[in-house]
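J.: There's a structure below that I have some questions on.
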Amino acid sequence: MNLPILILFTFILNILFSMTSSIVSTNKEIEDESYKYQATLKWLSLCMEVFGTLMSVIYLQSLIHGPLLYVVVLLLVYAYILLSDLLPRKFANAHLDKFEKTFMSIAKGIQSLFTPFTFFLRFEVEKEQEDYSEEDIYEVINGGGVEPSQKEFIENLFEFDDTPVEEICTHRSEVVCLYLNDDKETWKKTILENRHTLYPVCDEDNDDVVGILDTRDYFRLDSIEQDNVINKAMDQPFFISQNMKADVLLKEMKIKKVYFAVLLDEYGGMTGIVTLHDIIETLLGEIQEDDDIDEPDPIQQIDSDQFRIYGQADIEDVEKALGISLENEDCDTFGGYILNHYGQIPDEGSHFKVSLDLMDVYVKEVKNHRIGQTIVQIKRKEEGNQHESTEKRNRD
């Protein structure tokens with residue numbers, strides 16, 4: 001075999017070894033033994049490069065003489081490494097899906113064939129991992145370069161293991177329940193009107209949850225008599241503490257394969273319910289479904305000193321929006337804050353005013369004894385008579 005053919009042969013083999021090595025480095029199937037394959041392939045590739053370069057020098061000596069030979073050799077080495085190593089690796093990575101299966105078979109064959117020769121070259125190198133604190137990552141995402149949606153997800157992810165399920169649950173006042181004392185027609189009406197998949201079934205009151213009705217089973221029943229529904233469409237409730245963290249609940253749901261939990265307080269009373277959907281929204285943000293009713297923003301600015309605020313608004317968000325500090329030690333929502341100062345449970349549908357040091361609150365809506373829409377007028381020292389006219393308008 002003459003030298004040019006031998007040089008071409010080593011060149012082609014080196015391309016094969018380089019592409020195989022590149023694909024092996026990204027393969028998850030042999031991740032733990034990747035260093036063995038890499039040792040074999042890199043050793044073979046080095047041999048081909050050295051042998052090919054030597055053969056090229058020998059061949060060129062008969063054609064080129066003097067200092068020009070050294071220049072040509074350097075250019076040859078550069079071209080050899082570029083064309084038989086660097087570019088093939090880049091090409092293999094760019095077409096990984098197309099070549100992975102073929103080259104993994106080649107890698108396993110090469111490994112079996114050359115194991116006796118490369119055994120002493122195998123050294124498993126532990127990857128040095130850098131530790132980053134939450135503060136480091138927050139500094140990166142707050143420094144720009146991260147999209148708002150990605151930033152929200154990362155922040156939610158860090159807060160996930162510190163979030164008690166009580167913060168993300170549907171409160172007991174908003175939970176739709178079925179009661180054993182009601183007849184089958186009442187159950188059917190409640191199910192059809194609310195369109196939920198799962199309903200807590202209670203005995204005497206909301207604190208006495210005895211089961212969870214699955215409407216997917218309910219609508220498959222031939223008879224919706226209560227005894228038949230209880231036996232065939234009702235599951236045991238999954239009770240959890242209201243202080244459980246969201247990440248712990250997610251793990252428990254995966255283990256038990258139950259995605260509807262009933263929260264209990266320290267006295268055994270129902271705090272509310274939480275579903276897998278609630279947990280996902282904690283991470284990804286609110287997920288709007290087709291039949292969801294668009295709810296207004298809980299805090300809406302009307303003018304510089306006037307706001308429309310709904311009772312469910314978070315008290316800290318209200319403080320930021322109004323630019324004032326509120327004493328909120330015992331309540332999480334604006335509605336709870338107003339009720340604390342009002343001093344009594346309001347009548348259904350009533351309207352009233354609560355005057356505070358920094359603002360006047362005009363309650364426009366009370367539903368289920370809970371505060372709905374309010375108009376908040378910030379008090380400014382320079383308002384004077386203008387405030388009186390605004391108060392009159394709000395009363396109207």
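The way I read the labels, and the way they are meant: chains A, B, ... in the order of the structure tokens, residue 1 as the first residue of every chain, and ligand 1 as the first ligand shown, with later ones counted on from there.
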Would you pick out the contacts of Val72 in chain A at 12 Å or less, using only C-alpha atoms, so that residues sharing its chain but fewer than 3 positions from it are not included, and give the list as a PDB file with C-alpha atoms, in the first residue's frame?
T.:
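See around-v3.pdb below for the written result:
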ATOM      1  CA  THR A  53       1.327  13.204  10.359  1.00  0.00           C
ATOM      2  CA  SER A  56       2.742  12.789   5.546  1.00  0.00           C
ATOM      3  CA  VAL A  57       6.181  14.113   6.555  1.00  0.00           C
ATOM      4  CA  TYR A  59       5.943  11.448   1.853  1.00  0.00           C
ATOM      5  CA  LEU A  60       6.622  15.207   1.565  1.00  0.00           C
ATOM      6  CA  GLN A  61      10.367  14.855   2.187  1.00  0.00           C
ATOM      7  CA  LEU A  63       8.874  16.426  -2.827  1.00  0.00           C
ATOM      8  CA  ILE A  64       9.870  19.481  -0.729  1.00  0.00           C
ATOM      9  CA  HIS A  65      13.261  20.443   0.641  1.00  0.00           C
ATOM     10  CA  GLY A  66      14.640  23.098   2.935  1.00  0.00           C
ATOM     11  CA  PRO A  67      12.775  25.414   5.362  1.00  0.00           C
ATOM     12  CA  LEU A  68       9.639  25.227   3.225  1.00  0.00           C
ATOM     13  CA  LEU A  69       9.162  21.649   4.404  1.00  0.00           C
ATOM     14  CA  LEU A  75       0.041  23.697   7.861  1.00  0.00           C
ATOM     15  CA  LEU A  76      -0.555  19.993   7.316  1.00  0.00           C
ATOM     16  CA  VAL A  77      -0.916  19.291  11.044  1.00  0.00           C
ATOM     17  CA  TYR A  78      -3.365  22.189  11.398  1.00  0.00           C
ATOM     18  CA  ALA A  79      -5.434  21.030   8.406  1.00  0.00           C
ATOM     19  CA  TYR A  80      -5.353  17.416   9.602  1.00  0.00           C
TER      20      TYR A  80
END
J.: As a ChimeraX atom specification, please: all residues of range 50-241 of chain A that backbone DSSP puts in helix (DSSP H, G or I).
T.: /A:50-61,67-94,96-121,134-142,148-160,165-167,172-174,184-194,215-218,226-233
J.: Between A:Ala233, A:Ile191, A:Cys177, A:Met270, which residue has the minimum interatomic distance to Asp207 in chain A, considering only C-alpha atoms?
T.: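 Looking at the shortest contact to Asp207 in chain A, the residue is A:Met270.
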J.: Between CA of Glu319 in chain A and CA of Asp332 in chain A, what is the spacing in Å?
T.: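 So the two atoms, CA of Asp332 in chain A and CA of Glu319 in chain A, lie 11.6 Å apart.
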J.: Need to verify the contact set: range 162-168 of chain A, 12 Å, only C-alpha atoms, exclusion of same-chain residues closer than 2 positions in sequence. Can you return it as a ChimeraX atom specification?
T.: /A:155-160,170-172,240-250,261-265,270-283,285-286,314,332-333
J.: Enter the distance from CA of Asn181 in chain A to CA of Tyr267 in chain A, in Å, rounded to one decimal.
T.: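 One can read the CA of Asn181 in chain A to CA of Tyr267 in chain A distance as 24.0 Å.
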